[in-house]
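First comes the structure, then the notes that go with it.
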Amino acid sequence: ADGVIRAFFSSSKGGDLQQATSVAAHSGPIKCLSTSSIGGKTLVATGSMDQTLITHLYQNNKSLDLHAVYLGGHTNSIGSVVLSNDNSPGGKTIMASGDWDGGLAIWSVPSSSDGEGVDSTGENTTKKRKGSKGGIDKSDDNSATIQEVKPLQSIKAHASNISGLAWGYNGSSNDGSSSAPTTLLTGSWDHGLKVYDTTRMDCILT
């Protein structure tokens, strides 16, 4: 309930879990977490009761570096998040998130090497930020450049909290790598299950 992300690794002796690093990512409890691979690093997405959605990059059991913040998709606590696993050549990582009002947002996740975030209009957005808990600071040229991303789409998908999300994949690429997801499955406290087409974001099954 402290808003902290903690990363653990298995020790070579006995396989006991040991904490590698931690970072104070949110001001409220973290309600959901998802991971994926991006640029040879582990991408960690977290959503919180403080209505924030953030990604960090984790590498070599050493650090959790703030990667991007996702703005404008939700007006209530975020209860679910899922990252895609598109490992095909030139594939883009996308992310879906759901909130306690039944809101659903789709995001394009910047690559680990991108210098700027891309919003839904194609405009680049970057801000200077002191750190995971620091505010925007444009005056400090030594501050890390943090990518700010706006949703590709945001819709009202359910009448209550979206508690579960999962991508649906229709086969693999010719080289055996994972293809981009074609559907998104959502589950809610309203007792509803829905399937959305990821291209049109139309509900094709309920």
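Chain identifiers are assigned as A, B, and so on, following the order in which chains appear in the structure tokens; residues are numbered from 1 within each chain, and ligands are numbered from 1 in order of appearance.
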Quiz item: In stretch 155-202 of chain A, what's strand (DSSP E) per DSSP? Answer as a list in words?
Solution: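 Going through stretch 155-202 of chain A, the strand (DSSP E) residues come out as Ile155, Lys156, Ile162, Ser163, Gly164, Leu165, Ala166, Trp167, Gly168, Thr183, Leu184, Leu185, Thr186, Gly187, Ser188, Leu193, Lys194, Val195, Tyr196 and Asp197 of chain A.
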Just want the 6 Å neighbourhood of A:Trp167, counted on only C-alpha atoms, with same-chain residues fewer than 4 positions away dropped. Output as a compact mmCIF listing (two decimals) with all heavy atoms, in the first residue's frame.
# COMPACT_ATOMS: atom_id res chain seq x y z
N PRO A 181 -1.22 -8.46 -31.04
CA PRO A 181 -2.53 -8.96 -30.61
C PRO A 181 -3.64 -8.48 -31.53
O PRO A 181 -3.59 -7.36 -32.04
CB PRO A 181 -2.68 -8.38 -29.20
CG PRO A 181 -1.79 -7.18 -29.18
CD PRO A 181 -0.64 -7.51 -30.07
N THR A 183 -7.09 -9.19 -30.59
CA THR A 183 -8.26 -8.97 -29.76
C THR A 183 -7.84 -8.61 -28.34
O THR A 183 -6.71 -8.90 -27.91
CB THR A 183 -9.18 -10.20 -29.69
OG1 THR A 183 -8.42 -11.35 -29.27
CG2 THR A 183 -9.80 -10.49 -31.05
N LEU A 184 -8.75 -7.99 -27.61
CA LEU A 184 -8.55 -7.67 -26.20
C LEU A 184 -9.75 -8.16 -25.41
O LEU A 184 -10.89 -7.83 -25.74
CB LEU A 184 -8.38 -6.16 -26.01
CG LEU A 184 -8.27 -5.67 -24.57
CD1 LEU A 184 -7.01 -6.21 -23.91
CD2 LEU A 184 -8.28 -4.13 -24.52
Practice problem: Between A:Leu66, A:Asn170, A:Thr75, A:Ile38, single out the one closest to A:Asp50, counting only C-alpha atoms. | Solution: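 Of A:Leu66, A:Asn170, A:Thr75, A:Ile38, the one nearest A:Asp50 is A:Thr75, counting only C-alpha atoms.
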Practice problem: Quick one: everything within 12 Å of A:His191, counting only C-alpha atoms, minus sequence neighbours fewer than 3 positions away in the same chain. Send it as a list of chain:residue names. | Solution: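 Here the qualifying residues turn out to be A:Gly102, A:His158, A:Ala159, A:Ser160, A:Asn161, A:Ile162, A:Ser163, A:Gly164, A:Thr186, A:Gly187, A:Ser188, A:Lys194, A:Thr206.
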Quiz item: Taking into account only C-alpha atoms, which residue in the set A:Leu57, A:Leu17, A:Leu152, A:Met201 is nearest to A:Ala45?
Solution: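 Checking each of A:Leu57, A:Leu17, A:Leu152, A:Met201 against A:Ala45, counting only C-alpha atoms, the winner is A:Leu57.
Nearest residue to A:Leu104 among A:Pro151, A:Tyr169, A:Arg6, A:Thr46 is A:Pro151, counting only C-alpha atoms.
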Practice problem: For atom CA of A:Leu33 and atom CA of A:Gly79, quote the distance in Å rounded to one decimal. | Solution: 9.4 Å
